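**Student:** I am sharing upload14.cif, which consists of mmCIF, C-alpha atoms:
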```cif
data_work
loop_
_atom_site.label_atom_id
_atom_site.label_comp_id
_atom_site.auth_asym_id
_atom_site.auth_seq_id
_atom_site.Cartn_x
_atom_site.Cartn_y
_atom_site.Cartn_z
CA MET A 1 93.00 77.38 50.58
CA SER A 2 95.81 78.52 48.26
CA LEU A 3 97.04 82.11 48.05
CA ARG A 4 99.86 83.74 46.11
CA LEU A 5 100.91 87.24 47.17
CA HIS A 6 103.01 89.15 44.62
CA ALA A 7 104.80 92.41 45.45
CA PRO A 8 107.70 94.55 44.19
CA VAL A 9 109.60 93.84 47.43
CA VAL A 10 109.52 90.84 49.77
CA LEU A 11 111.48 90.82 53.01
CA PRO A 12 111.58 87.20 54.17
CA CYS A 13 113.56 88.14 57.31
CA ASP A 14 116.05 85.35 56.81
CA PRO A 15 119.27 85.65 58.87
CA SER A 16 120.84 87.94 56.25
CA CYS A 17 117.72 90.14 55.99
CA ALA A 18 117.65 89.71 52.23
CA VAL A 19 115.61 92.01 50.00
CA LEU A 20 113.80 90.11 47.23
CA ARG A 21 112.60 92.03 44.18
CA ASP A 22 109.51 91.20 42.12
CA ALA A 23 108.83 88.23 44.36
CA VAL A 24 105.95 86.11 45.63
CA VAL A 25 104.85 84.33 48.78
CA ASP A 26 102.76 81.18 48.28
CA VAL A 27 100.55 79.94 51.10
CA VAL A 28 98.74 76.60 50.93
CA ASP A 29 96.54 75.35 53.79
CA GLY A 30 97.92 78.04 56.04
CA ARG A 31 101.61 77.22 55.52
CA ILE A 32 104.15 78.89 53.26
CA THR A 33 105.23 76.69 50.36
CA TYR A 34 107.42 79.07 48.35
CA VAL A 35 109.12 82.45 48.78
CA GLY A 36 111.21 83.88 46.00
CA ALA A 37 111.42 85.56 42.64
CA LEU A 38 108.28 85.42 40.51
CA SER A 39 110.42 84.33 37.56
CA ASP A 40 111.45 81.18 39.45
CA ALA A 41 108.08 80.46 41.07
CA PRO A 42 106.42 77.09 40.51
CA ALA A 43 103.08 76.77 38.75
CA PHE A 44 100.32 77.91 41.06
CA ASP A 45 96.65 77.02 41.16
CA GLY A 46 94.88 79.39 43.54
CA GLU A 47 94.06 83.01 44.30
CA VAL A 48 96.72 85.47 43.14
CA ARG A 49 96.91 88.97 44.62
CA SER A 50 99.24 91.57 43.17
CA LEU A 51 100.20 94.27 45.68
CA THR A 52 102.12 97.50 45.28
CA GLY A 53 104.33 97.67 48.36
CA ILE A 54 106.37 95.49 50.69
CA LEU A 55 105.62 92.04 52.10
CA LEU A 56 107.22 90.87 55.33
CA PRO A 57 106.45 88.34 58.07
CA GLY A 58 104.02 89.16 60.83
CA LEU A 59 105.76 90.86 63.73
CA ILE A 60 106.09 89.05 67.07
CA ASN A 61 105.41 90.89 70.31
CA THR A 62 107.43 88.88 72.83
CA HIS A 63 106.07 90.53 75.97
CA ALA A 64 102.69 92.15 76.54
CA HIS A 65 99.76 92.51 78.90
CA SER A 66 97.31 93.59 76.23
CA PRO A 67 94.05 93.38 78.24
CA MET A 68 95.38 96.47 80.01
CA THR A 69 93.89 98.53 77.17
CA VAL A 70 91.16 99.17 79.76
CA LEU A 71 93.79 100.70 82.10
CA ARG A 72 95.62 102.77 79.51
CA GLY A 73 96.84 106.09 80.90
CA LEU A 74 96.61 105.23 84.60
CA GLY A 75 99.56 106.37 86.71
CA ALA A 76 101.26 107.67 83.61
CA ASP A 77 103.94 109.59 85.52
CA LEU A 78 104.84 107.06 88.22
CA PRO A 79 107.93 104.81 88.47
CA LEU A 80 107.45 101.06 88.08
CA LEU A 81 106.81 99.84 91.62
CA ARG A 82 104.55 102.75 92.59
CA TRP A 83 102.72 102.41 89.28
CA LEU A 84 102.07 98.74 90.01
CA GLN A 85 101.17 99.08 93.67
CA GLU A 86 99.12 102.28 93.54
CA GLN A 87 97.34 102.00 90.20
CA ILE A 88 97.63 98.74 88.29
CA TRP A 89 97.24 95.97 90.85
CA PRO A 90 94.28 97.58 92.67
CA ASN A 91 92.44 98.09 89.37
CA GLU A 92 93.30 94.65 88.04
CA ALA A 93 91.80 93.16 91.20
CA ARG A 94 88.46 94.69 90.14
CA MET A 95 88.61 93.38 86.56
CA THR A 96 86.32 90.50 85.70
CA ALA A 97 87.02 87.71 83.23
CA GLN A 98 84.76 89.50 80.76
CA ASP A 99 86.78 92.72 81.25
CA VAL A 100 89.94 90.83 80.33
CA GLY A 101 88.33 89.51 77.17
CA THR A 102 87.11 92.99 76.27
CA GLY A 103 90.56 94.50 76.77
CA MET A 104 92.27 91.72 74.83
CA LEU A 105 89.92 92.03 71.86
CA LEU A 106 90.86 95.66 71.31
CA GLY A 107 94.51 94.87 71.98
CA ALA A 108 94.53 92.12 69.35
CA VAL A 109 92.87 94.40 66.79
CA GLU A 110 95.29 97.22 67.59
CA MET A 111 98.29 94.95 67.15
CA LEU A 112 97.05 93.45 63.90
CA ARG A 113 96.59 96.95 62.48
CA HIS A 114 100.28 97.53 63.32
CA GLY A 115 101.36 94.29 61.65
CA VAL A 116 101.75 92.29 64.87
CA THR A 117 100.39 88.80 64.28
CA THR A 118 101.66 87.10 67.47
CA SER A 119 101.63 88.45 71.01
CA THR A 120 103.07 86.87 74.14
CA GLU A 121 100.64 87.63 76.94
CA MET A 122 101.25 87.29 80.67
CA TYR A 123 97.83 87.77 82.22
CA PHE A 124 94.80 86.23 83.92
CA HIS A 125 91.51 84.63 82.77
CA GLY A 126 93.06 82.65 79.95
CA PRO A 127 89.88 81.27 78.36
CA GLU A 128 88.41 84.74 77.86
CA LEU A 129 91.72 86.15 76.63
CA VAL A 130 92.24 83.32 74.16
CA SER A 131 88.66 83.59 72.92
CA SER A 132 89.24 87.25 72.03
CA VAL A 133 92.48 86.45 70.20
CA LEU A 134 90.71 83.81 68.12
CA ALA A 135 87.88 86.24 67.39
CA ALA A 136 90.37 88.75 65.99
CA GLY A 137 92.26 86.06 64.08
CA SER A 138 95.71 86.69 65.54
CA ARG A 139 98.09 84.43 67.46
CA VAL A 140 98.92 84.31 71.14
CA VAL A 141 101.38 82.68 73.48
CA PHE A 142 99.36 82.84 76.68
CA GLY A 143 101.34 82.63 79.90
CA GLY A 144 98.97 82.43 82.82
CA ALA A 145 100.20 84.97 85.36
CA ILE A 146 101.39 83.40 88.63
CA LEU A 147 101.98 85.43 91.80
CA ASP A 148 102.17 84.72 95.51
CA VAL A 149 100.41 87.79 96.87
CA PRO A 150 97.31 88.28 99.05
CA GLY A 151 94.25 86.96 97.23
CA MET A 152 96.23 84.75 94.85
CA ASP A 153 97.24 81.12 95.30
CA TRP A 154 100.33 80.46 93.21
CA LYS A 155 99.81 76.69 93.34
CA SER A 156 96.27 76.97 91.99
CA LEU A 157 97.37 79.35 89.23
CA THR A 158 100.16 76.97 88.24
CA GLY A 159 97.81 74.00 88.35
CA GLU A 160 95.32 75.72 86.06
CA ILE A 161 97.89 76.08 83.27
CA SER A 162 99.20 72.53 83.75
CA ALA A 163 95.68 71.11 83.58
CA TRP A 164 94.86 73.18 80.48
CA ILE A 165 97.99 72.00 78.64
CA ASP A 166 97.29 68.40 79.63
CA ALA A 167 93.73 68.72 78.31
CA ASP A 168 94.19 70.67 75.08
CA GLY A 169 97.87 70.33 74.28
CA LEU A 170 100.59 72.94 74.10
CA ARG A 171 99.28 74.42 70.84
CA PHE A 172 95.78 74.31 69.46
CA GLY A 173 93.15 76.26 67.55
CA PRO A 174 92.87 77.03 63.83
CA GLY A 175 96.36 77.37 62.41
CA GLU A 176 97.73 76.54 65.88
CA ARG A 177 96.96 80.12 66.86
CA VAL A 178 97.17 79.43 70.60
CA GLU A 179 100.19 78.30 72.61
CA LEU A 180 99.99 77.86 76.38
CA ALA A 181 102.82 78.83 78.71
CA TYR A 182 103.65 79.60 82.34
CA GLY A 183 103.89 83.23 83.47
CA PRO A 184 105.50 83.48 86.92
CA HIS A 185 105.57 87.21 87.48
CA SER A 186 108.97 87.79 89.03
CA ALA A 187 111.49 86.93 91.72
CA TYR A 188 109.96 89.63 93.94
CA THR A 189 106.43 88.20 93.86
CA LEU A 190 107.52 84.55 94.09
CA SER A 191 110.15 82.78 96.16
CA ALA A 192 113.04 80.83 94.67
CA PRO A 193 111.48 77.45 95.61
CA GLN A 194 108.22 78.51 93.98
CA LEU A 195 110.04 79.44 90.77
CA THR A 196 111.76 76.04 90.88
CA SER A 197 108.42 74.26 91.12
CA ILE A 198 106.84 76.24 88.27
CA ALA A 199 109.89 75.72 86.03
CA ALA A 200 109.67 71.95 86.59
CA GLU A 201 106.02 71.98 85.47
CA ALA A 202 106.96 73.93 82.35
CA ARG A 203 109.91 71.69 81.43
CA ALA A 204 107.82 68.55 81.87
CA ARG A 205 105.47 69.85 79.16
CA GLY A 206 107.97 71.57 76.87
CA ALA A 207 106.25 74.85 77.69
CA LEU A 208 107.65 78.36 77.77
CA PHE A 209 108.50 79.85 81.18
CA MET A 210 108.23 83.66 80.95
CA VAL A 211 109.26 85.92 83.83
CA HIS A 212 110.04 89.59 84.51
CA VAL A 213 113.75 89.99 85.28
CA ALA A 214 115.75 93.04 86.37
CA GLU A 215 113.28 95.54 84.97
CA SER A 216 114.09 98.32 87.43
CA PRO A 217 117.16 98.91 89.62
CA PHE A 218 115.25 98.47 92.88
CA GLU A 219 112.85 95.55 92.46
CA ASP A 220 115.27 92.68 93.07
CA GLU A 221 117.39 93.90 95.98
CA ALA A 222 116.66 90.80 98.05
CA ALA A 223 117.59 88.47 95.19
CA ARG A 224 120.81 90.37 94.55
CA ALA A 225 121.71 90.28 98.23
CA GLU A 226 121.36 86.49 98.39
CA PHE A 227 122.30 85.31 94.90
CA GLY A 228 124.03 88.23 93.20
CA SER A 229 121.36 88.67 90.52
CA VAL A 230 118.05 87.25 89.38
CA PRO A 231 119.69 85.21 86.59
CA ALA A 232 122.04 83.73 89.21
CA LEU A 233 118.97 82.96 91.37
CA MET A 234 117.39 81.25 88.37
CA LYS A 235 120.45 79.08 87.84
CA ALA A 236 120.74 78.18 91.52
CA SER A 237 117.03 77.37 91.63
CA ASP A 238 117.08 75.04 88.59
CA VAL A 239 114.90 77.35 86.54
CA LEU A 240 117.15 77.35 83.49
CA GLY A 241 117.48 74.54 80.99
CA GLY A 242 114.05 74.58 79.38
CA ARG A 243 112.37 77.25 77.25
CA VAL A 244 112.87 80.44 79.27
CA LEU A 245 111.94 83.99 78.25
CA SER A 246 113.35 86.81 80.37
CA ALA A 247 111.25 89.96 79.99
CA HIS A 248 112.85 93.42 80.18
CA SER A 249 116.25 92.26 81.50
CA VAL A 250 117.48 95.83 81.75
CA HIS A 251 120.04 95.51 84.51
CA LEU A 252 122.17 92.50 83.57
CA SER A 253 125.87 92.05 84.25
CA ASP A 254 128.37 90.46 81.88
CA ASP A 255 128.05 87.26 83.88
CA ASP A 256 124.26 87.35 83.59
CA ILE A 257 124.45 87.76 79.81
CA ALA A 258 126.98 84.91 79.52
CA LEU A 259 124.69 82.74 81.65
CA TYR A 260 121.72 83.46 79.38
CA ALA A 261 123.78 82.65 76.30
CA SER A 262 124.95 79.34 77.76
CA TYR A 263 121.40 78.23 78.65
CA GLY A 264 119.67 79.57 75.54
CA VAL A 265 117.50 82.02 77.47
CA GLY A 266 115.55 84.40 75.25
CA VAL A 267 115.08 88.07 76.11
CA ALA A 268 112.02 90.25 75.46
CA HIS A 269 113.37 93.78 75.07
CA CYS A 270 110.78 96.50 75.82
CA PRO A 271 112.48 99.84 75.11
CA GLY A 272 109.33 102.00 75.08
CA SER A 273 108.03 100.82 78.43
CA ASN A 274 111.50 100.83 79.96
CA ALA A 275 111.94 104.46 78.93
CA LYS A 276 108.48 105.62 80.02
CA LEU A 277 108.89 104.07 83.48
CA ALA A 278 112.50 105.31 83.66
CA SER A 279 113.65 101.74 84.22
CA GLY A 280 116.80 102.08 82.13
CA ILE A 281 118.26 100.95 78.81
CA ALA A 282 118.91 97.25 78.33
CA ARG A 283 122.33 96.11 77.12
CA VAL A 284 121.06 94.82 73.81
CA PRO A 285 124.32 95.12 71.80
CA GLU A 286 126.12 93.04 74.43
CA MET A 287 123.33 90.44 74.46
CA LEU A 288 123.36 90.08 70.68
CA ALA A 289 127.15 89.89 70.60
CA ALA A 290 127.01 87.07 73.16
CA GLY A 291 124.52 85.13 71.04
CA VAL A 292 121.44 85.73 73.17
CA SER A 293 118.19 85.64 71.18
CA VAL A 294 116.51 89.03 71.64
CA GLY A 295 112.99 89.83 70.57
CA LEU A 296 110.95 92.98 71.05
CA GLY A 297 108.00 93.58 73.33
CA THR A 298 105.62 96.45 73.91
CA ASP A 299 104.84 95.52 77.52
CA GLY A 300 101.32 96.55 78.47
CA PRO A 301 99.32 99.37 76.89
CA ALA A 302 99.22 101.05 80.30
CA SER A 303 103.01 101.25 80.56
CA ASN A 304 104.01 102.02 76.98
CA ASP A 305 101.19 103.14 76.07
CA ASP A 306 100.78 101.67 72.58
CA LEU A 307 101.06 98.23 71.02
CA ASP A 308 103.18 99.22 68.03
CA LEU A 309 106.15 96.92 67.57
CA PHE A 310 107.56 98.93 64.67
CA GLU A 311 107.99 101.75 67.16
CA GLU A 312 109.82 99.36 69.48
CA ALA A 313 112.18 98.39 66.65
CA ARG A 314 112.96 102.05 66.04
CA LEU A 315 113.45 102.76 69.75
CA ALA A 316 115.62 99.68 70.19
CA GLY A 317 117.98 100.93 67.52
CA LEU A 318 118.03 104.52 68.77
CA PHE A 319 118.60 103.59 72.42
CA ALA A 320 121.33 101.10 71.54
CA ARG A 321 123.15 103.74 69.53
CA VAL A 322 122.95 106.47 72.15
CA SER A 323 123.87 104.07 74.97
CA LYS A 324 127.06 103.14 73.12
CA MET A 325 127.54 106.56 71.48
CA ASP A 326 128.03 104.65 68.24
CA ALA A 327 125.81 105.22 65.20
CA THR A 328 126.88 101.90 63.69
CA VAL A 329 125.36 99.83 66.51
CA LEU A 330 122.11 98.00 65.71
CA GLY A 331 121.13 98.97 62.18
CA ALA A 332 117.75 98.86 60.48
CA ALA A 333 118.14 95.26 59.32
CA GLN A 334 118.98 94.04 62.82
CA ALA A 335 116.09 96.00 64.33
CA LEU A 336 113.65 94.47 61.83
CA LEU A 337 114.98 90.98 62.54
CA MET A 338 114.49 91.51 66.28
CA ALA A 339 110.81 92.29 65.58
CA THR A 340 110.36 89.14 63.52
CA ARG A 341 112.81 86.26 63.42
CA GLY A 342 114.51 87.28 66.67
CA GLY A 343 111.18 87.20 68.47
CA ALA A 344 110.51 83.70 67.21
CA ASP A 345 113.96 82.57 68.34
CA ALA A 346 113.46 84.12 71.78
CA LEU A 347 110.20 82.17 72.13
CA GLY A 348 111.75 78.95 70.86
CA ARG A 349 109.45 78.93 67.82
CA ALA A 350 110.56 77.83 64.34
CA ASP A 351 107.12 78.10 62.73
CA ILE A 352 106.66 81.88 62.73
CA GLY A 353 108.80 85.01 62.35
CA SER A 354 110.04 84.49 58.80
CA LEU A 355 108.68 84.01 55.32
CA GLU A 356 110.08 80.60 54.44
CA ALA A 357 108.65 77.27 53.35
CA GLY A 358 107.07 75.33 56.19
CA ARG A 359 106.33 78.28 58.45
CA TRP A 360 102.85 79.63 58.98
CA GLY A 361 101.59 82.10 56.40
CA ASP A 362 101.62 85.17 58.64
CA VAL A 363 102.22 88.01 56.18
CA VAL A 364 102.07 91.81 56.40
CA HIS A 365 101.66 94.18 53.46
CA ILE A 366 102.97 97.74 53.77
CA ALA A 367 101.78 100.10 51.07
CA ALA A 368 104.42 102.21 49.36
CA ASP A 369 102.23 105.33 49.07
CA ASP A 370 103.99 107.20 51.86
CA PRO A 371 106.58 109.98 52.07
CA ALA A 372 109.01 107.53 53.68
CA PHE A 373 109.14 105.57 50.43
CA ALA A 374 109.36 108.57 48.12
CA PRO A 375 112.96 107.59 47.21
CA GLY A 376 111.36 104.52 45.59
CA LEU A 377 111.08 100.82 46.23
CA ASP A 378 113.93 100.39 43.77
CA ALA A 379 116.27 102.16 46.20
CA PRO A 380 119.35 100.20 47.32
CA ASP A 381 118.59 97.52 49.89
CA ALA A 382 120.10 99.36 52.86
CA GLN A 383 118.22 102.56 52.01
CA LEU A 384 114.93 100.69 51.59
CA LEU A 385 115.31 98.99 54.99
CA ALA A 386 116.23 102.30 56.60
CA ASN A 387 113.15 103.97 55.13
CA LEU A 388 110.95 101.18 56.46
CA VAL A 389 112.37 101.00 60.00
CA TRP A 390 113.34 104.63 60.66
CA GLY A 391 110.79 106.36 58.44
CA SER A 392 107.59 104.48 57.75
CA GLY A 393 107.03 102.08 60.61
CA SER A 394 103.51 100.75 60.92
CA ARG A 395 101.50 103.66 59.56
CA ARG A 396 101.05 102.11 56.10
CA VAL A 397 100.19 98.57 57.17
CA THR A 398 97.17 97.88 54.97
CA ASP A 399 96.76 94.10 54.86
CA VAL A 400 97.59 91.24 57.21
CA TRP A 401 97.20 87.50 56.79
CA VAL A 402 97.48 84.94 59.61
CA ALA A 403 97.86 81.32 58.49
CA GLY A 404 96.71 82.60 55.11
CA ASP A 405 93.52 84.16 56.50
CA HIS A 406 92.97 87.81 55.57
CA VAL A 407 92.46 89.42 58.99
CA VAL A 408 93.24 93.06 58.11
CA ALA A 409 92.15 94.72 54.86
CA GLY A 410 92.47 98.39 54.07
CA GLY A 411 93.96 98.94 57.52
CA GLU A 412 90.95 97.59 59.42
CA SER A 413 90.06 94.25 60.98
CA THR A 414 87.99 91.98 58.75
CA ARG A 415 86.60 90.14 61.79
CA VAL A 416 85.99 92.70 64.51
CA ASP A 417 84.21 96.04 64.44
CA ARG A 418 86.96 98.23 65.88
CA HIS A 419 84.57 100.92 67.02
CA GLU A 420 82.51 98.39 68.96
CA ALA A 421 85.70 97.03 70.52
CA GLN A 422 86.70 100.56 71.53
CA ALA A 423 83.27 101.18 73.02
CA GLY A 424 83.58 97.98 75.05
CA VAL A 425 86.87 99.13 76.54
CA ALA A 426 85.41 102.57 77.28
CA ALA A 427 82.56 100.98 79.24
CA VAL A 428 84.95 98.91 81.35
CA ALA A 429 87.21 101.90 81.99
CA ARG A 430 84.24 104.01 83.12
CA ARG A 431 83.10 101.29 85.53
CA LEU A 432 86.57 100.97 87.03
CA ARG A 433 86.77 104.73 87.47
CA SER A 434 83.42 104.81 89.22
CA VAL A 435 84.61 102.19 91.70
CA ASN A 436 87.76 104.21 92.39
CA LEU A 437 85.85 107.42 93.22
#
```
Rewrite the coordinates I just gave you, this time as structure tokens.

**Tutor:**
Amino acid sequence: MSLRLHAPVVLPCDPSCAVLRDAVVDVVDGRITYVGALSDAPAFDGEVRSLTGILLPGLINTHAHSPMTVLRGLGADLPLLRWLQEQIWPNEARMTAQDVGTGMLLGAVEMLRHGVTTSTEMYFHGPELVSSVLAAGSRVVFGGAILDVPGMDWKSLTGEISAWIDADGLRFGPGERVELAYGPHSAYTLSAPQLTSIAAEARARGALFMVHVAESPFEDEAARAEFGSVPALMKASDVLGGRVLSAHSVHLSDDDIALYASYGVGVAHCPGSNAKLASGIARVPEMLAAGVSVGLGTDGPASNDDLDLFEEARLAGLFARVSKMDATVLGAAQALLMATRGGADALGRADIGSLEAGRWGDVVHIAADDPAFAPGLDAPDAQLLANLVWGSGSRRVTDVWVAGDHVVAGGESTRVDRHEAQAGVAAVARRLRSVNL
């Protein structure tokens, strides 16, 4: 399969966040072969599509629990720990494997319609979750959730992921759409020795180790009392050194940030969820200045409550500015890069997150027929990026390709009937409510 996409503006999301004019993206057998000016493009033998707006790489959601579409709206006004203990964990205990697949299917469709082509999921019932992702045509980094709580055996949960990786490999599926990872929940649901054991399993397989860290001020009091901080616990427990993704990471000290930078730990910044749960504002400017790779995450659709990464890019910029009282902190270009290339870097992936030769052909088209682009696509680069990030966001995402496959057309999934997916989630939500009565 060969596809050339031609548009007035292409944003490859290279480190400089260049703006290419009258440019094309060529995709052959799922991989990008050329990105650049049409006038310099090589001869091309394949389908050519001329579009009227902006092309950019598929966005990367670095932290989500998307099957929670079935729990959306529960405990909407509770702080984190009460929200988990009173609403989320009791309801999740009643969810079946089929429920997880149903929730993930709608979550994948919702994200694709917002231009999110890859999501990093910490959840349960991996086979059903992965099956739904493949049905929608998106990508997933699936981290099997691991907890040591009543009714859950952390060793068995760890062993399931290890056995799956050993059987199918770290990445598999059409266009390598699936990557397997380890999802130890946190330092307050697992002991330090347990985290050490899980990290060793992940390192032995080159797999990502994703964990909630310092999300709220109160969750890690025991870890702080013994080690000083969760990052310090992770160092002392030999967790660092492999591919590590630290979700939320709101309450980090200077020493914690320096530690992350020295070990190459990636951070999944979730500004919407952090604000809704009143968890705080992460120190993103300090992390970026220290060289920490920071991507963006939505968290779950019951704590955010949407799966719109463009909104997270906007919030990330706004919160960074108000936290520093400096309007020059974290501009539109940097926010866009966090949603794309920065997410790939945080995950340790060099095959997604940018439009450049050799990476997968995950491409998003944003139509220019929107008030945000009334100043014109020929506006100066900085103004164009500002209009995209601060003004337009995801509302004009019309087409999405994953590994060159057209998975969203005209703003709707080409593979899944969205209304049927919504009805499936409604049925699960009604059943869970009936049990709770």

**Student:** Skip Ile60 of chain A itself and residues of its chain fewer than 2 positions away, then list as a PyMOL selection string all residues within 12 Å of it, counting all atoms listed in the file.

**Tutor:** chain A and resi 56-58+62-64+111-112+114-121+138-141+268-269+294-298+307-310+312-313+336-347+349+351-354+362-364

**Student:** Store the residues picked out above, limited to C-alpha atoms, as a short mmCIF file (atom, residue, chain, number, x, y, z; two decimals), keeping the file's coordinate frame.

**Tutor:**
```
data_model
loop_
_atom_site.label_atom_id
_atom_site.label_comp_id
_atom_site.auth_asym_id
_atom_site.auth_seq_id
_atom_site.Cartn_x
_atom_site.Cartn_y
_atom_site.Cartn_z
CA LEU A 56 107.22 90.87 55.33
CA PRO A 57 106.45 88.34 58.07
CA GLY A 58 104.02 89.16 60.83
CA THR A 62 107.43 88.88 72.83
CA HIS A 63 106.07 90.53 75.97
CA ALA A 64 102.69 92.15 76.54
CA MET A 111 98.29 94.95 67.15
CA LEU A 112 97.05 93.45 63.90
CA HIS A 114 100.28 97.53 63.32
CA GLY A 115 101.36 94.29 61.65
CA VAL A 116 101.75 92.29 64.87
CA THR A 117 100.39 88.80 64.28
CA THR A 118 101.66 87.10 67.47
CA SER A 119 101.63 88.45 71.01
CA THR A 120 103.07 86.87 74.14
CA GLU A 121 100.64 87.63 76.94
CA SER A 138 95.71 86.69 65.54
CA ARG A 139 98.09 84.43 67.46
CA VAL A 140 98.92 84.31 71.14
CA VAL A 141 101.38 82.68 73.48
CA ALA A 268 112.02 90.25 75.46
CA HIS A 269 113.37 93.78 75.07
CA VAL A 294 116.51 89.03 71.64
CA GLY A 295 112.99 89.83 70.57
CA LEU A 296 110.95 92.98 71.05
CA GLY A 297 108.00 93.58 73.33
CA THR A 298 105.62 96.45 73.91
CA LEU A 307 101.06 98.23 71.02
CA ASP A 308 103.18 99.22 68.03
CA LEU A 309 106.15 96.92 67.57
CA PHE A 310 107.56 98.93 64.67
CA GLU A 312 109.82 99.36 69.48
CA ALA A 313 112.18 98.39 66.65
CA LEU A 336 113.65 94.47 61.83
CA LEU A 337 114.98 90.98 62.54
CA MET A 338 114.49 91.51 66.28
CA ALA A 339 110.81 92.29 65.58
CA THR A 340 110.36 89.14 63.52
CA ARG A 341 112.81 86.26 63.42
CA GLY A 342 114.51 87.28 66.67
CA GLY A 343 111.18 87.20 68.47
CA ALA A 344 110.51 83.70 67.21
CA ASP A 345 113.96 82.57 68.34
CA ALA A 346 113.46 84.12 71.78
CA LEU A 347 110.20 82.17 72.13
CA ARG A 349 109.45 78.93 67.82
CA ASP A 351 107.12 78.10 62.73
CA ILE A 352 106.66 81.88 62.73
CA GLY A 353 108.80 85.01 62.35
CA SER A 354 110.04 84.49 58.80
CA ASP A 362 101.62 85.17 58.64
CA VAL A 363 102.22 88.01 56.18
CA VAL A 364 102.07 91.81 56.40
#
```

**Student:** Check the smallest atom-to-atom distance from each of A:Met104, A:Ala135, A:Ser394, A:Gly348 to Ala181 of chain A using only C-alpha atoms, then report the winner.

**Tutor:** A:Gly348

**Student:** Please expand the PyMOL selection byres ((chain A and resi 276) around 9) into the concrete residues it hits in this file, giving the result as a ChimeraX atom specification.

**Tutor:** /A:76-77,79,271-275,277-279,303-305

**Student:** Assuming the chain letters and numbering stay as they are in my file, what does the PyMOL selection byres ((chain A and resi 365) around 8) actually select? List them as an MDAnalysis selection string.

**Tutor:** chainID A and resid 51 53:56 363:364 366:367 397:400

**Student:** Translate the PyMOL selection byres ((chain A and resi 357) around 7), as applied to the file shown, into an explicit residue set as a PyMOL selection string.

**Tutor:** chain A and resi 32-35+356+358-359

**Student:** Using all atoms listed in the file, which of the listed residues (A:Pro90, A:Gly169, A:Pro301, A:Gly30) sits closest to Ala108 of chain A?

**Tutor:**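 Checking each candidate against Ala108 of chain A, we get A:Pro301 as the closest.
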
**Student:** From the set A:Cys270, A:Ala282, A:Val133, A:Ala372, which residue has the shortest atom-to-atom contact distance to Asn61 of chain A, counting all atoms listed in the file?

**Tutor:** A:Cys270

**Student:** Using all atoms listed in the file, determine which residues lie at most 9 Å from Arg4 of chain A, disregarding the query and same-chain residues fewer than 3 positions distant; provide the list as a list in words.

**Tutor:**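 Listed by chain and then number, they are Val24, Val25, Asp26, Val27, Val28, Phe44, Asp45, Gly46, Glu47, Val48, Arg49 and Ser50 of chain A.
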
**Student:** Tell me, in Å to one decimal, how far atom CA of Asp14 of chain A is from atom CA of Arg31 of chain A.

**Tutor:**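 About the pair atom CA of Asp14 of chain A and atom CA of Arg31 of chain A: they are 16.6 Å apart.
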
**Student:** Which one is closest to Gly36 of chain A: A:Gly151, A:Gly280, A:Asp166, A:Leu355? Count only C-alpha atoms.

**Tutor:**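 The shortest atom-to-atom distance to Gly36 of chain A comes from A:Leu355.
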
**Student:** As number ranges by chain, please: the residues near Thr328 of chain A (cut-off 12 Å, only C-alpha atoms, same-chain neighbours under 5 positions excluded).

**Tutor:** A: 285, 317-318, 320-323, 333-334

**Student:** Quick one, how far is atom CA of Leu84 of chain A from atom CA of Gly242 of chain A?

**Tutor:**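 So the two atoms, atom CA of Leu84 of chain A and atom CA of Gly242 of chain A, lie 29.0 Å apart.
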
**Student:** When you count all atoms listed in the file, which of these residues is closest to Leu106 of chain A: A:Glu92, A:Glu311, A:Asp306, A:Glu226?

**Tutor:**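 Comparing A:Glu92, A:Glu311, A:Asp306, A:Glu226 against Leu106 of chain A, the winner is A:Asp306.
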
**Student:** Which residue is closest to Arg418 of chain A? Choose from A:Val211, A:Val109, A:Ala327, A:Ala379 and count all atoms listed in the file.

**Tutor:**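 Distance minimum relative to Arg418 of chain A lands on A:Val109.
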
**Student:** Could you work out how far atom CA of Thr158 of chain A lies from atom CA of Ile146 of chain A, giving the answer in Å with one decimal?

**Tutor:**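 Going from atom CA of Ile146 of chain A over to atom CA of Thr158 of chain A, I get 6.6 Å.
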
**Student:** List the neighbours of segment 253-255 of chain A out to 10 Å using all atoms listed in the file; skip same-chain residues closer than 5 positions along the sequence, and give me the result as a PDB file with C-alpha atoms, in the coordinates of the input.

**Tutor:**
```pdb
ATOM      1  CA  GLY A 228     124.030  88.230  93.200  1.00  0.00           C
ATOM      2  CA  SER A 229     121.360  88.670  90.520  1.00  0.00           C
ATOM      3  CA  PRO A 231     119.690  85.210  86.590  1.00  0.00           C
ATOM      4  CA  ALA A 232     122.040  83.730  89.210  1.00  0.00           C
ATOM      5  CA  TYR A 260     121.720  83.460  79.380  1.00  0.00           C
ATOM      6  CA  ALA A 261     123.780  82.650  76.300  1.00  0.00           C
ATOM      7  CA  ARG A 283     122.330  96.110  77.120  1.00  0.00           C
ATOM      8  CA  GLU A 286     126.120  93.040  74.430  1.00  0.00           C
ATOM      9  CA  MET A 287     123.330  90.440  74.460  1.00  0.00           C
ATOM     10  CA  ALA A 290     127.010  87.070  73.160  1.00  0.00           C
TER      11      ALA A 290
END
```

**Student:** Within 10 Å of (102.1, 85.6, 92.3) (file coordinates; all atoms listed in the file), which protein or nucleic acid residues are there? I'd like them as a list in words.

**Tutor:**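 In the file's frame, the residues around the point are Ala145, Ile146, Leu147, Asp148, Val149, Pro150, Gly151, Met152, Asp153, Trp154, Lys155, Leu157, Thr158, Gly183, Pro184, His185, Ser186, Ala187, Tyr188, Thr189, Leu190, Ser191 and Gln194 of chain A.
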